[in-house]
Each structure stands twice: as structure tokens, then as C-alpha cells.
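Engineer: Contents of query-v4.pdb (PDB, C-alpha atoms, pLDDT in the B column) are given next:
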ATOM      1  CA  MET N 264      23.529  40.860  17.859  1.00 49.00           C
ATOM      2  CA  ARG N 265      26.842  39.070  18.395  1.00 48.00           C
ATOM      3  CA  LYS N 266      25.699  37.915  21.866  1.00 51.00           C
ATOM      4  CA  ALA N 267      22.468  36.482  20.373  1.00 48.00           C
ATOM      5  CA  ILE N 268      24.445  34.530  17.774  1.00 44.00           C
ATOM      6  CA  CYS N 269      26.744  33.112  20.470  1.00 43.00           C
ATOM      7  CA  GLU N 270      23.728  32.042  22.534  1.00 52.00           C
ATOM      8  CA  VAL N 271      22.139  30.313  19.508  1.00 39.00           C
ATOM      9  CA  VAL N 272      25.413  28.528  18.689  1.00 39.00           C
ATOM     10  CA  SER N 273      25.796  27.404  22.337  1.00 45.00           C
ATOM     11  CA  LEU N 274      22.193  26.183  22.466  1.00 40.00           C
ATOM     12  CA  THR N 275      22.625  24.306  19.157  1.00 40.00           C
ATOM     13  CA  ALA N 276      25.796  22.598  20.451  1.00 39.00           C
ATOM     14  CA  LEU N 277      23.975  21.559  23.639  1.00 37.00           C
ATOM     15  CA  VAL N 278      21.128  20.074  21.586  1.00 36.00           C
ATOM     16  CA  PHE N 279      23.606  18.020  19.514  1.00 36.00           C
ATOM     17  CA  VAL N 280      25.334  16.721  22.657  1.00 34.00           C
ATOM     18  CA  LEU N 281      22.024  15.706  24.257  1.00 35.00           C
ATOM     19  CA  LEU N 282      20.803  14.141  21.015  1.00 35.00           C
ATOM     20  CA  GLY N 283      24.043  12.158  20.754  1.00 39.00           C
ATOM     21  CA  MET N 284      23.629  10.870  24.319  1.00 35.00           C
ATOM     22  CA  CYS N 285      20.034   9.898  23.589  1.00 35.00           C
ATOM     23  CA  CYS N 286      20.986   8.043  20.402  1.00 33.00           C
ATOM     24  CA  GLN N 287      23.827   6.226  22.178  1.00 33.00           C
ATOM     25  CA  ALA N 288      21.431   5.074  24.911  1.00 33.00           C
ATOM     26  CA  PHE N 289      18.926   3.903  22.278  1.00 33.00           C
ATOM     27  CA  ALA N 290      21.648   2.033  20.363  1.00 34.00           C
ATOM     28  CA  GLN N 291      22.498   0.011  23.456  1.00 36.00           C
ATOM     29  CA  GLU N 292      19.349  -2.087  23.196  1.00 46.00           C
ATOM     30  CA  LYS N 293      19.063  -5.492  24.747  1.00 48.00           C
ATOM     31  CA  ASN N 294      19.708  -8.573  22.683  1.00 55.00           C
ATOM     32  CA  PRO N 295      16.478 -10.657  22.504  1.00 63.00           C
ATOM     33  CA  SER N 296      18.384 -13.788  23.498  1.00 54.00           C
ATOM     34  CA  SER N 297      20.006 -12.170  26.507  1.00 51.00           C
ATOM     35  CA  SER N 298      19.170  -9.873  29.396  1.00 41.00           C
ATOM     36  CA  VAL N 299      22.575  -8.200  29.116  1.00 36.00           C
ATOM     37  CA  THR N 300      22.843  -4.762  27.505  1.00 34.00           C
ATOM     38  CA  VAL N 301      24.748  -4.982  24.260  1.00 34.00           C
ATOM     39  CA  SER N 302      27.679  -2.597  23.795  1.00 37.00           C
ATOM     40  CA  THR N 303      27.777  -0.747  20.495  1.00 34.00           C
ATOM     41  CA  SER N 304      31.440   0.242  20.701  1.00 40.00           C
ATOM     42  CA  GLU N 305      33.254  -0.494  17.471  1.00 43.00           C
ATOM     43  CA  ALA N 306      35.987  -3.092  17.321  1.00 48.00           C
ATOM     44  CA  ALA N 307      38.471  -3.427  14.511  1.00 54.00           C
ATOM     45  CA  PRO N 308      36.835  -5.459  11.742  1.00 55.00           C
ATOM     46  CA  PRO N 309      38.410  -8.809  10.939  1.00 63.00           C
ATOM     47  CA  ALA N 310      40.623  -9.007   7.891  1.00 69.00           C
ATOM     48  CA  ALA N 311      38.599  -9.665   4.742  1.00 74.00           C
ATOM     49  CA  VAL N 312      38.877 -13.177   3.322  1.00 77.00           C
ATOM     50  CA  SER N 313      38.076 -13.862  -0.298  1.00 88.00           C
ATOM     51  CA  GLU N 314      35.622 -16.741  -0.523  1.00 92.00           C
ATOM     52  CA  ALA N 315      33.822 -18.328  -3.460  1.00 94.00           C
ATOM     53  CA  LEU N 316      30.170 -19.270  -3.428  1.00 97.00           C
ATOM     54  CA  TYR N 317      29.832 -23.064  -3.393  1.00 96.00           C
ATOM     55  CA  ARG N 318      26.046 -23.516  -3.267  1.00 97.00           C
ATOM     56  CA  THR N 319      22.820 -21.725  -2.362  1.00 97.00           C
ATOM     57  CA  TYR N 320      19.632 -23.176  -0.926  1.00 97.00           C
ATOM     58  CA  VAL N 321      16.448 -21.094  -1.259  1.00 97.00           C
ATOM     59  CA  PHE N 322      13.276 -21.691   0.761  1.00 97.00           C
ATOM     60  CA  HIS N 323      10.020 -19.735   1.004  1.00 95.00           C
ATOM     61  CA  GLY N 324       6.572 -20.263   2.423  1.00 95.00           C
ATOM     62  CA  ASN N 325       4.265 -19.305   5.275  1.00 93.00           C
ATOM     63  CA  GLY N 326       5.929 -18.745   8.633  1.00 85.00           C
ATOM     64  CA  PRO N 327       4.659 -19.789  12.030  1.00 86.00           C
ATOM     65  CA  ALA N 328       1.085 -18.556  12.606  1.00 83.00           C
ATOM     66  CA  PRO N 329       1.599 -17.835  16.285  1.00 92.00           C
ATOM     67  CA  ILE N 330       4.955 -16.504  17.430  1.00 93.00           C
ATOM     68  CA  PRO N 331       4.861 -16.852  21.228  1.00 94.00           C
ATOM     69  CA  ALA N 332       6.130 -13.949  23.331  1.00 94.00           C
ATOM     70  CA  ALA N 333       9.861 -13.913  24.076  1.00 93.00           C
ATOM     71  CA  THR N 334      10.514 -17.298  22.475  1.00 92.00           C
ATOM     72  CA  TRP N 335      12.735 -18.210  19.529  1.00 94.00           C
ATOM     73  CA  THR N 336      10.273 -19.959  17.178  1.00 94.00           C
ATOM     74  CA  ALA N 337      11.190 -22.066  14.120  1.00 95.00           C
ATOM     75  CA  VAL N 338      10.264 -20.508  10.777  1.00 95.00           C
ATOM     76  CA  ASP N 339      11.270 -23.286   8.398  1.00 96.00           C
ATOM     77  CA  ALA N 340      12.147 -26.973   8.634  1.00 96.00           C
ATOM     78  CA  VAL N 341      15.652 -28.162   9.457  1.00 98.00           C
ATOM     79  CA  HIS N 342      17.748 -28.343   6.270  1.00 98.00           C
ATOM     80  CA  THR N 343      20.971 -30.276   5.708  1.00 97.00           C
ATOM     81  CA  ILE N 344      23.702 -28.434   3.808  1.00 97.00           C
ATOM     82  CA  GLN N 345      27.224 -29.470   2.916  1.00 96.00           C
ATOM     83  CA  CYS N 346      30.574 -27.848   3.542  1.00 96.00           C
ATOM     84  CA  PRO N 347      32.614 -29.691   0.898  1.00 95.00           C
ATOM     85  CA  GLY N 348      36.294 -30.414   0.566  1.00 93.00           C
ATOM     86  CA  THR N 349      39.126 -32.300   2.210  1.00 94.00           C
ATOM     87  CA  THR N 350      40.865 -29.385   3.938  1.00 94.00           C
ATOM     88  CA  GLY N 351      39.899 -26.015   5.340  1.00 93.00           C
ATOM     89  CA  SER N 352      36.491 -24.775   6.398  1.00 95.00           C
ATOM     90  CA  CYS N 353      33.408 -22.928   5.122  1.00 96.00           C
ATOM     91  CA  THR N 354      31.273 -19.913   5.846  1.00 95.00           C
ATOM     92  CA  ILE N 355      27.525 -20.475   6.101  1.00 96.00           C
ATOM     93  CA  THR N 356      25.214 -17.495   5.600  1.00 96.00           C
ATOM     94  CA  ALA N 357      21.473 -16.983   5.838  1.00 96.00           C
ATOM     95  CA  ASP N 358      19.800 -14.036   4.142  1.00 96.00           C
ATOM     96  CA  ILE N 359      16.510 -13.950   6.075  1.00 95.00           C
ATOM     97  CA  SER N 360      13.230 -12.105   5.511  1.00 94.00           C
ATOM     98  CA  VAL N 361      10.223 -12.978   7.699  1.00 94.00           C
ATOM     99  CA  GLN N 362       6.912 -11.110   8.002  1.00 92.00           C
ATOM    100  CA  GLU N 363       5.551 -10.403  11.479  1.00 92.00           C
ATOM    101  CA  VAL N 364       2.235  -8.837  12.497  1.00 91.00           C
ATOM    102  CA  GLY N 365       1.130  -7.750  15.966  1.00 89.00           C
ATOM    103  CA  SER N 366      -1.350  -5.790  18.011  1.00 87.00           C
ATOM    104  CA  THR N 367       0.668  -4.624  21.030  1.00 88.00           C
ATOM    105  CA  ALA N 368       2.948  -1.625  21.479  1.00 89.00           C
ATOM    106  CA  SER N 369       6.703  -1.847  22.100  1.00 90.00           C
ATOM    107  CA  ASN N 370       6.964  -5.184  20.327  1.00 90.00           C
ATOM    108  CA  GLY N 371      10.454  -5.794  18.979  1.00 90.00           C
ATOM    109  CA  GLY N 372      11.045  -8.510  16.390  1.00 91.00           C
ATOM    110  CA  ALA N 373      14.172 -10.409  15.403  1.00 90.00           C
ATOM    111  CA  VAL N 374      15.329 -13.289  13.219  1.00 92.00           C
ATOM    112  CA  ALA N 375      18.311 -15.595  13.619  1.00 93.00           C
ATOM    113  CA  LEU N 376      20.120 -18.549  12.096  1.00 95.00           C
ATOM    114  CA  LYS N 377      20.778 -21.818  13.909  1.00 95.00           C
ATOM    115  CA  VAL N 378      23.630 -24.045  12.749  1.00 96.00           C
ATOM    116  CA  ASP N 379      23.722 -27.543  14.212  1.00 96.00           C
ATOM    117  CA  GLY N 380      21.202 -26.514  16.868  1.00 94.00           C
ATOM    118  CA  THR N 381      23.053 -23.403  18.086  1.00 92.00           C
ATOM    119  CA  LEU N 382      21.890 -19.823  17.481  1.00 92.00           C
ATOM    120  CA  VAL N 383      24.465 -17.801  15.558  1.00 91.00           C
ATOM    121  CA  CYS N 384      24.767 -14.772  17.837  1.00 84.00           C
ATOM    122  CA  THR N 385      27.765 -12.622  18.673  1.00 72.00           C
ATOM    123  CA  SER N 386      28.090 -11.232  22.172  1.00 69.00           C
ATOM    124  CA  ASP N 387      28.096  -7.664  20.820  1.00 68.00           C
ATOM    125  CA  GLY N 388      24.892  -8.210  18.818  1.00 66.00           C
ATOM    126  CA  SER N 389      26.550  -7.457  15.485  1.00 70.00           C
ATOM    127  CA  ASN N 390      25.655 -10.824  13.929  1.00 74.00           C
ATOM    128  CA  GLY N 391      22.232 -12.240  14.605  1.00 73.00           C
ATOM    129  CA  CYS N 392      19.849 -12.343  17.553  1.00 79.00           C
ATOM    130  CA  HIS N 393      19.322  -8.583  17.726  1.00 79.00           C
ATOM    131  CA  TYR N 394      16.224  -6.551  17.041  1.00 81.00           C
ATOM    132  CA  ALA N 395      15.577  -6.140  13.316  1.00 86.00           C
ATOM    133  CA  VAL N 396      12.121  -4.522  13.345  1.00 88.00           C
ATOM    134  CA  GLU N 397       9.552  -2.828  15.572  1.00 89.00           C
ATOM    135  CA  ILE N 398       6.263  -4.679  15.046  1.00 90.00           C
ATOM    136  CA  PRO N 399       3.433  -2.108  14.833  1.00 86.00           C
ATOM    137  CA  SER N 400       0.387  -2.413  17.078  1.00 89.00           C
ATOM    138  CA  ASP N 401      -2.159  -1.872  14.274  1.00 91.00           C
ATOM    139  CA  ASP N 402      -2.076  -5.345  12.671  1.00 86.00           C
ATOM    140  CA  ARG N 403       0.154  -4.254   9.766  1.00 88.00           C
ATOM    141  CA  PHE N 404       2.776  -6.700   8.518  1.00 89.00           C
ATOM    142  CA  VAL N 405       6.437  -5.711   8.665  1.00 89.00           C
ATOM    143  CA  GLU N 406       9.475  -7.678   7.567  1.00 90.00           C
ATOM    144  CA  ALA N 407      12.330  -8.603   9.855  1.00 91.00           C
ATOM    145  CA  ASN N 408      15.407  -8.792   7.612  1.00 91.00           C
ATOM    146  CA  GLU N 409      18.830 -10.019   8.602  1.00 91.00           C
ATOM    147  CA  LEU N 410      21.995 -11.494   7.129  1.00 92.00           C
ATOM    148  CA  ASN N 411      23.603 -13.935   9.572  1.00 93.00           C
ATOM    149  CA  SER N 412      26.912 -15.683   8.961  1.00 93.00           C
ATOM    150  CA  LEU N 413      29.095 -18.258  10.659  1.00 94.00           C
ATOM    151  CA  SER N 414      32.721 -18.641   9.571  1.00 92.00           C
ATOM    152  CA  ARG N 415      35.232 -21.428  10.157  1.00 93.00           C
ATOM    153  CA  VAL N 416      32.570 -24.148   9.917  1.00 95.00           C
ATOM    154  CA  ALA N 417      34.058 -27.650   9.799  1.00 96.00           C
ATOM    155  CA  LEU N 418      33.870 -29.728   6.641  1.00 97.00           C
ATOM    156  CA  GLY N 419      30.935 -32.110   6.312  1.00 97.00           C
ATOM    157  CA  PHE N 420      27.161 -31.921   6.614  1.00 97.00           C
ATOM    158  CA  HIS N 421      25.426 -29.377   8.854  1.00 98.00           C
ATOM    159  CA  LYS N 422      21.840 -28.657   9.940  1.00 98.00           C
ATOM    160  CA  VAL N 423      20.531 -25.103   9.424  1.00 97.00           C
ATOM    161  CA  GLN N 424      17.246 -23.502  10.408  1.00 97.00           C
ATOM    162  CA  THR N 425      15.830 -19.980  10.803  1.00 95.00           C
ATOM    163  CA  PHE N 426      14.086 -18.689  13.937  1.00 94.00           C
ATOM    164  CA  VAL N 427      11.936 -15.641  14.652  1.00 93.00           C
ATOM    165  CA  TRP N 428      11.359 -13.649  17.878  1.00 92.00           C
ATOM    166  CA  SER N 429       8.700 -11.257  19.150  1.00 93.00           C
ATOM    167  CA  ASP N 430       8.825  -9.508  22.532  1.00 93.00           C
ATOM    168  CA  ASN N 431       5.052  -9.621  23.087  1.00 93.00           C
ATOM    169  CA  GLY N 432       3.993 -12.326  20.662  1.00 92.00           C
ATOM    170  CA  ALA N 433       2.954 -11.895  17.038  1.00 93.00           C
ATOM    171  CA  GLY N 434       1.641 -13.642  13.984  1.00 91.00           C
ATOM    172  CA  GLY N 435       3.903 -14.861  11.225  1.00 92.00           C
ATOM    173  CA  GLY N 436       3.485 -14.292   7.521  1.00 92.00           C
ATOM    174  CA  PHE N 437       5.484 -15.189   4.450  1.00 94.00           C
ATOM    175  CA  TYR N 438       9.198 -15.875   4.604  1.00 96.00           C
ATOM    176  CA  ASN N 439      12.104 -16.040   2.142  1.00 97.00           C
ATOM    177  CA  ILE N 440      15.419 -17.527   3.219  1.00 97.00           C
ATOM    178  CA  ARG N 441      18.584 -18.053   1.212  1.00 98.00           C
ATOM    179  CA  TYR N 442      21.217 -20.232   2.854  1.00 98.00           C
ATOM    180  CA  ALA N 443      24.629 -20.107   1.171  1.00 98.00           C
ATOM    181  CA  VAL N 444      27.909 -21.952   1.619  1.00 98.00           C
ATOM    182  CA  TYR N 445      31.212 -20.247   0.788  1.00 97.00           C
ATOM    183  CA  ARG N 446      34.705 -21.728   0.528  1.00 94.00           C
ATOM    184  CA  PRO N 447      38.032 -19.864   0.747  1.00 89.00           C
TER     185      PRO N 447
END
Could you show the structure in this file as C-alpha cells?
Structural biologist:
Amino acid sequence: MRKAICEVVSLTALVFVLLGMCCQAFAQEKNPSSSVTVSTSEAAPPAAVSEALYRTYVFHGNGPAPIPAATWTAVDAVHTIQCPGTTGSCTITADISVQEVGSTASNGGAVALKVDGTLVCTSDGSNGCHYAVEIPSDDRFVEANELNSLSRVALGFHKVQTFVWSDNGAGGGFYNIRYAVYRP
């Protein structure tokens, strides 16, 4: 009886080790804007900075009807927002929700923020430009949701816009986007 229990415990431990290796391999997905595998190792988080909300900008509507395969596609128009003040900087955030619908398997979807024409993506995939949803192949809508942020933005006016991605192409549905500006 004791030998059977030891064998079950050993087998259970082996299953957990293999499952952990599988999950680690899955977590190291590719970033849609890069062909480089993204590391999921944790770095020390930056020190928290207390910031006050200056202004929000809310937009909603119908997204792009066709989302071409493997192409960042504009969801909304370019919007001008302000980082006010005479000293310091701002943080710009985008709380993004975009519907996508598809008919092919293995179709990853993502959303991202552009500030002044540049995608807000970190090299480790922790902020923007990473897969947010698996688009089903049965023509059901799903929502790609993401909160992107860019800190230390210079004072003045800036252009912001949201983009959507689909590995194999998809259709777009409704979107809701809230851009916000924060000041220290």
C-alpha cells in the first residue's frame, strides 16, 4: 500500500513538472509586431508614482470592417490630446475594447495604442502589441481588451490612435476606447 502511494505521489509530481513546462512554453508567445519570442521572466516593477487624472477622451463606434492578415489596422481616427503644464511630463493611457470576428483557426488578435505615430510596445510584451484574444473560427465576435500606457510623455499636444491586429484576417465590430492623460 505504501509503495502504491509513493508511486502515485511521484506520478503526480511528474505531471505538475510537465504541465509547468508546457505552460511556460505557451506563455512565451510571439509578439504580433515582432518575430522574436517574448520572454515572460519577471523584472522588478518600477516604483509606483502617484498621478492625478487630468482629462479623459472617450470614443466609440464601428471598427474596421476588414482587418487584413498580420497588419496593424486603424480602429479610430487620429485624436489630438494635451499634456498640460510648464514643467514635468504626463502619462497617456488607452483602455481599449475592440470586437473581432473570424472564420479561420489559430487566429490571434491584439490591440495597441499609437502615440505620435509610434506603437506603444515594450520589448517584453508586457505593455501593448501582444495577443489579447483568440478569434474563434465560427464567426462569433470576441473582444480584444487591453490597457496600454506611455509614461514620461513631453508637455504639449500629442496624436493618439488605436490599432487592431489579426493573424489570419478578421472582421471588426464595435469599439470603445478611453484615452486618459495623467499628471504627477
Engineer: Could you please give me, as a VMD selection string, the residues of protein, DNA or RNA lying at most 12 Å from (20.7, -22.4, 13.2) in the coordinate frame of the file, considering only C-alpha atoms?
Structural biologist: chain N and resid 335 to 344 355 to 357 359 374 to 384 391 to 392 411 to 413 421 to 427 442
Engineer: For region 369-378 of chain N, take all atoms listed in the file, fit an axis-aligned box around them, add 6 Å to each of the six sides, then output centre and edge lengths in Å rounded to one decimal, as JSON.
Structural biologist:
{"center_x": 15.2, "center_y": -12.9, "center_z": 17.1, "size_x": 28.9, "size_y": 34.2, "size_z": 22.0}
Engineer: Could you pull the residues within 10 Å of Glu363 (chain N), counting all atoms listed in the file, minus those fewer than 4 positions along the same chain, as an MDAnalysis selection string?
Structural biologist: chainID N and resid 326:330 372:373 396:399 402:407 427:429 432:438
Engineer: Need to verify the contact set: Gln345 (chain N), 10 Å, all atoms listed in the file, exclusion of same-chain residues closer than 4 positions in sequence. Can you return it as a list in words?
Structural biologist: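 Final neighbour list, sorted by chain and number: Tyr317, Arg318, Cys353, Ile355, Ala417, Leu418, Gly419, Phe420, His421, Lys422, Ala443 and Val444 of chain N.
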Engineer: Write the residues you've just listed into a file as a tab-separated table (two decimals), in the frame of the given file, and include C-alpha atoms for each of them.
Structural biologist:
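Contents of the output file result_10.tsv:
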chain	number	residue	atom	x	y	z
N	317	TYR	CA	29.83	-23.06	-3.39
N	318	ARG	CA	26.05	-23.52	-3.27
N	353	CYS	CA	33.41	-22.93	5.12
N	355	ILE	CA	27.52	-20.48	6.10
N	417	ALA	CA	34.06	-27.65	9.80
N	418	LEU	CA	33.87	-29.73	6.64
N	419	GLY	CA	30.94	-32.11	6.31
N	420	PHE	CA	27.16	-31.92	6.61
N	421	HIS	CA	25.43	-29.38	8.85
N	422	LYS	CA	21.84	-28.66	9.94
N	443	ALA	CA	24.63	-20.11	1.17
N	444	VAL	CA	27.91	-21.95	1.62
Engineer: Give me, please, the distance in Å between CA of Asp430 (chain N) and CA of Asn408 (chain N), quoted to one decimal.
Structural biologist: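 It comes out at 16.3 Å.
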Engineer: How many Å separate CA of Asn325 (chain N) from CA of Thr385 (chain N)?
Structural biologist: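 Interatomic distance here is 27.9 Å.
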Engineer: Rank nothing, just name the residue among N:Leu316, N:Ala333, N:Asn431, N:Arg446 nearest to Ser369 (chain N), using only C-alpha atoms.
Structural biologist: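 Counting only C-alpha atoms, the residue closest to Ser369 (chain N) is N:Asn431.
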Engineer: Could you tell me how far CA of Gly324 (chain N) lies from CA of Gly365 (chain N), in Å and to one decimal?
Structural biologist: 19.2 Å
Engineer: Pick out the closest residue to Tyr320 (chain N) from this set: N:Val364, N:Tyr445, N:Ser389, N:Ile440. Count only C-alpha atoms.
Structural biologist: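 Once distances to Tyr320 (chain N) are computed over only C-alpha atoms, the minimum belongs to N:Ile440.
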Engineer: Pick out the closest residue to Val312 (chain N) from this set: N:Ala395, N:Cys346, N:Thr354, N:Val416. Count all atoms listed in the file.
Structural biologist: N:Thr354
Engineer: Compare N:His323, N:Ala311, N:Arg415, N:Leu410 by their minimum atom-to-atom distance to Gln362 (chain N), counting all atoms listed in the file, and give me the closest one.
Structural biologist: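 Selected residue with least distance to Gln362 (chain N): N:His323.
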Engineer: Would you mind telling me which residue in N:Asp401, N:Pro331, N:Glu409, N:Gly351 lies nearest to Glu314 (chain N) when using only C-alpha atoms?
Structural biologist: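 Answer, going by the shortest atom-to-atom distance: N:Gly351.
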Engineer: Considering only C-alpha atoms, can you say which of N:Pro347, N:Ala332, N:Ser352, N:Tyr394 comes closest to Thr367 (chain N)?
Structural biologist: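 Using only C-alpha atoms, the shortest distance to Thr367 (chain N) belongs to N:Ala332.
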